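*Asks:* Would you mind keeping the following structure in view while I ask a few things?
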Amino acid sequence: MTATGIQVRDLRKDFPVRRRGLFGPRTTKTAVDGLDLDIPAGRITGLLGLNGAGKTTTIKILATLLSPTSGTVRVDGLDTVTDARAVRRRINLIAGGERMVYTRMTGRENLWYFGQLYAVPTRELRPRIDDLLALVGLTHAADTMVERYSRGMTQRLAIARGLINNPAHLLLDEPTLGLDAPIARDLRGVVARLATEGTGVLLTSHYLAEVEELCGHVHVITDGRHLAAGSPAELKAATGSHATVRITVPNPSPAVAEVATRFGATRTPDGTGGEVLTLRHPDDIAGPLAAAIVGAGGAISALEITEASLEDAILTLTDRTTAGEAVPA
């Protein structure tokens, strides 16, 4: 079957809740509310939002672990409810915050067990297990009981488990949580390679530098609803999340003040008689601003450039929604 991607349409998930104790009146909490998403093959797509936005619930529905209240999810044309068994053969899930392996089995036994569940042919499974153990740096602990693994080792084994069936679509929910930097870097490399080979990847992560490195396209959600979409650079530009330049001038003069006004920079005292000129701009403005200050006879004692933050863009989008403002589609 050709991998055509995952299509989410008008997805809704309600959970029953009780108020005022066990015997209180029942109501519902909506975790996902009319969500539309497209996760194409051969691309890493990000799914971002603040805590409680509905990211994990969405991923669990895509993984067939939860049934939607309404709406549809199709994986390569297969419905996740009516064709759940076929869908499970085409996907896998790596969740950093949950135990996804058995502690009373060895690492190798875990991978063998999950490989059998996915009906991986035996002749393929044995070498694949060895390759995956090497990939996550667990060859030396392959025959050690998982209960003796550290948290990081357990998470690395969970990553190997998530790749055991060579999935057409990989769902990653905080996959590098608790991993050492070298292993997290290696995992990012594996994910990037899988995407170039045609695997569709959906990634949620609080490590937004990881998202910017891997994702060419990002969906932002809040309260279970779609908020905005675009590349990380497009989202930052659309929300005014530009790089910030701060230049400290020890002895500001009227001519330097005129430069600040011309560039639109704000001036604040630095506490020592000097001033800090601050400017946020979509272009590389540090050089022209510094040159203009020096040209006006000013001196520069410090220059700092803070790159635009994807986190700032998400917070801005969420704040705008709370305030009832329009956000980029």
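Convention: chains lettered A, B, ... in structure tokens order; per-chain residue numbering from 1; ligands numbered from 1 as shown.
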If you run DSSP on this backbone, which residues of segment 40-99 of chain A come out as alpha helix (DSSP H), and could you give them as an MDAnalysis selection string?
*Replies:* chainID A and resid 55:62 84:88
*Asks:* Need to verify the contact set: segment 63-74 of chain A, 6 Å, only C-alpha atoms, exclusion of same-chain residues closer than 5 positions in sequence. Can you return it as a VMD selection string?
*Replies:* chain A and resid 6 to 13 79 to 80
*Asks:* Point out the residue among A:Ala142, A:Ser301, A:Ser205, A:Val218 with the least atom-to-atom distance to Gly274 of chain A, counting only C-alpha atoms.
*Replies:*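 So, comparing all the options, the nearest one is A:Ser301.
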*Asks:* Any chance you could list, as a ChimeraX atom specification, the residues in segment 9-163 of chain A that come up strand (DSSP E or B) when DSSP is run on the backbone?
*Replies:* /A:9-18,26-39,44-48,70-75,78-79,91-95,106,145
*Asks:* Residues of segment 5-95 of chain A within 12 Å of segment 104-121 of chain A: nearest atom pair and distance (Å, one decimal) for each, counting only C-alpha atoms, sorted by chain and number, as JSON lines?
*Replies:*
{"residue": "A:Arg85", "atom": "CA", "partner": "A:Tyr118", "partner_atom": "CA", "distance": 10.2}
{"residue": "A:Ala86", "atom": "CA", "partner": "A:Tyr118", "partner_atom": "CA", "distance": 10.5}
{"residue": "A:Val87", "atom": "CA", "partner": "A:Tyr118", "partner_atom": "CA", "distance": 11.3}
{"residue": "A:Arg88", "atom": "CA", "partner": "A:Tyr118", "partner_atom": "CA", "distance": 8.3}
{"residue": "A:Arg89", "atom": "CA", "partner": "A:Tyr118", "partner_atom": "CA", "distance": 6.3}
{"residue": "A:Arg90", "atom": "CA", "partner": "A:Tyr118", "partner_atom": "CA", "distance": 9.5}
{"residue": "A:Ile91", "atom": "CA", "partner": "A:Tyr118", "partner_atom": "CA", "distance": 10.2}
{"residue": "A:Asn92", "atom": "CA", "partner": "A:Tyr118", "partner_atom": "CA", "distance": 10.0}
*Asks:* Just checking: using only C-alpha atoms, which residue out of A:Ala84, A:Val101, A:Leu50, A:Leu93 ends up closest to Glu147 of chain A?
*Replies:*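 Going through A:Ala84, A:Val101, A:Leu50, A:Leu93 one by one, the smallest distance to Glu147 of chain A is for A:Val101.
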*Asks:* Find the residue from A:Ala292, A:Arg280, A:Val211, A:Met100 that sits nearest to Ile305 of chain A; use only C-alpha atoms when measuring.
*Replies:*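 The answer is A:Arg280, which sits nearest to Ile305 of chain A.
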*Asks:* Applying 7 Å and only C-alpha atoms, which residues near Gly49 of chain A remain after dropping the ones on its own chain fewer than 4 positions away? List them as a list in words.
*Replies:*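 Residues near the query, excluding close chain neighbours: Ala53, Val220, Ile221, Thr222 and Ile314 of chain A.
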*Asks:* Which one is closest to Ala228 of chain A: A:Gly5, A:Pro127, A:Pro269, A:Gly46? Count only C-alpha atoms.
*Replies:* A:Gly46
*Asks:* Give me, as a ChimeraX atom specification, all polymer residues having an atom no more than 8 Å from segment 246-249 of chain A, counting only C-alpha atoms and skipping those fewer than 4 positions away in the same chain.
*Replies:* /A:270,274-279,290,298-305
*Asks:* Those same residues, written as a short mmCIF file (atom, residue, chain, number, x, y, z; two decimals), in the first residue's frame with all heavy atoms?
*Replies:*
data_model
loop_
_atom_site.label_atom_id
_atom_site.label_comp_id
_atom_site.auth_asym_id
_atom_site.auth_seq_id
_atom_site.Cartn_x
_atom_site.Cartn_y
_atom_site.Cartn_z
N ASP A 270 21.26 52.23 31.46
CA ASP A 270 21.89 50.98 31.89
C ASP A 270 22.35 51.01 33.35
O ASP A 270 22.95 50.06 33.84
CB ASP A 270 23.07 50.63 30.98
CG ASP A 270 24.25 51.60 31.13
OD1 ASP A 270 24.11 52.62 31.85
OD2 ASP A 270 25.31 51.32 30.54
N GLY A 274 25.10 55.16 30.93
CA GLY A 274 24.95 54.85 29.52
C GLY A 274 23.52 54.48 29.19
O GLY A 274 22.62 54.58 30.02
N GLU A 275 23.33 54.05 27.96
CA GLU A 275 22.01 53.64 27.51
C GLU A 275 22.10 52.32 26.74
O GLU A 275 23.11 52.03 26.11
CB GLU A 275 21.38 54.70 26.59
CG GLU A 275 20.89 55.94 27.30
CD GLU A 275 20.18 56.90 26.36
OE1 GLU A 275 20.34 56.75 25.11
OE2 GLU A 275 19.48 57.80 26.86
N VAL A 276 20.99 51.58 26.79
CA VAL A 276 20.86 50.37 25.99
C VAL A 276 19.83 50.64 24.91
O VAL A 276 18.68 51.00 25.20
CB VAL A 276 20.43 49.16 26.83
CG1 VAL A 276 20.25 47.93 25.94
CG2 VAL A 276 21.45 48.88 27.93
N LEU A 277 20.25 50.52 23.66
CA LEU A 277 19.36 50.68 22.52
C LEU A 277 18.84 49.30 22.12
O LEU A 277 19.65 48.39 21.85
CB LEU A 277 20.07 51.34 21.35
CG LEU A 277 20.14 52.88 21.33
CD1 LEU A 277 20.79 53.41 22.61
CD2 LEU A 277 20.90 53.36 20.10
N THR A 278 17.53 49.12 22.11
CA THR A 278 16.92 47.82 21.83
C THR A 278 16.02 47.93 20.61
O THR A 278 15.22 48.86 20.49
CB THR A 278 16.09 47.33 23.03
OG1 THR A 278 16.93 47.29 24.19
CG2 THR A 278 15.52 45.94 22.77
N LEU A 279 16.17 46.95 19.72
CA LEU A 279 15.41 46.97 18.47
C LEU A 279 15.06 45.55 18.05
O LEU A 279 15.93 44.67 18.03
CB LEU A 279 16.22 47.64 17.36
CG LEU A 279 15.58 47.73 15.97
CD1 LEU A 279 14.30 48.53 16.01
CD2 LEU A 279 16.58 48.32 14.97
N ALA A 290 24.74 49.41 14.39
CA ALA A 290 26.04 49.66 15.03
C ALA A 290 26.85 50.65 14.20
O ALA A 290 27.50 51.56 14.76
CB ALA A 290 26.79 48.35 15.19
N GLY A 298 29.33 57.83 18.42
CA GLY A 298 29.11 57.07 19.63
C GLY A 298 30.05 55.88 19.76
O GLY A 298 30.63 55.41 18.77
N ALA A 299 30.20 55.41 20.99
CA ALA A 299 31.00 54.22 21.25
C ALA A 299 30.05 53.07 21.64
O ALA A 299 28.94 53.30 22.11
CB ALA A 299 31.99 54.47 22.38
N ILE A 300 30.51 51.85 21.44
CA ILE A 300 29.71 50.67 21.75
C ILE A 300 30.49 49.81 22.74
O ILE A 300 31.61 49.39 22.46
CB ILE A 300 29.37 49.87 20.49
CG1 ILE A 300 28.48 50.69 19.56
CG2 ILE A 300 28.70 48.54 20.84
CD1 ILE A 300 28.21 50.02 18.22
N SER A 301 29.89 49.55 23.91
CA SER A 301 30.57 48.71 24.90
C SER A 301 30.05 47.28 24.90
O SER A 301 30.71 46.38 25.42
CB SER A 301 30.40 49.30 26.30
OG SER A 301 29.03 49.38 26.65
N ALA A 302 28.87 47.04 24.31
CA ALA A 302 28.32 45.68 24.25
C ALA A 302 27.30 45.60 23.15
O ALA A 302 26.58 46.58 22.88
CB ALA A 302 27.69 45.29 25.59
N LEU A 303 27.25 44.45 22.49
CA LEU A 303 26.26 44.19 21.45
C LEU A 303 25.75 42.77 21.63
O LEU A 303 26.54 41.83 21.68
CB LEU A 303 26.85 44.38 20.06
CG LEU A 303 25.87 44.35 18.87
CD1 LEU A 303 26.43 45.16 17.71
CD2 LEU A 303 25.57 42.94 18.41
N GLU A 304 24.45 42.62 21.74
CA GLU A 304 23.84 41.31 21.97
C GLU A 304 22.70 41.10 20.98
O GLU A 304 21.87 41.99 20.77
CB GLU A 304 23.30 41.21 23.40
CG GLU A 304 22.56 39.92 23.70
CD GLU A 304 21.90 39.94 25.07
OE1 GLU A 304 22.06 40.94 25.79
OE2 GLU A 304 21.23 38.95 25.41
N ILE A 305 22.67 39.92 20.36
CA ILE A 305 21.60 39.56 19.43
C ILE A 305 20.91 38.32 19.97
O ILE A 305 21.55 37.29 20.19
CB ILE A 305 22.14 39.29 18.02
CG1 ILE A 305 22.88 40.53 17.47
CG2 ILE A 305 20.99 38.90 17.08
CD1 ILE A 305 23.54 40.28 16.13
#
*Asks:* Measuring between only C-alpha atoms, which one of A:Arg26, A:His206, A:His140, A:Arg99 shows the shortest distance to Ile159 of chain A?
*Replies:*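 Going through A:Arg26, A:His206, A:His140, A:Arg99 one by one, the smallest distance to Ile159 of chain A is for A:Arg99.
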*Asks:* Could you check how far atom CA of Leu315 of chain A sits from atom CA of Tyr207 of chain A, in Å to one decimal?
*Replies:* 14.6 Å
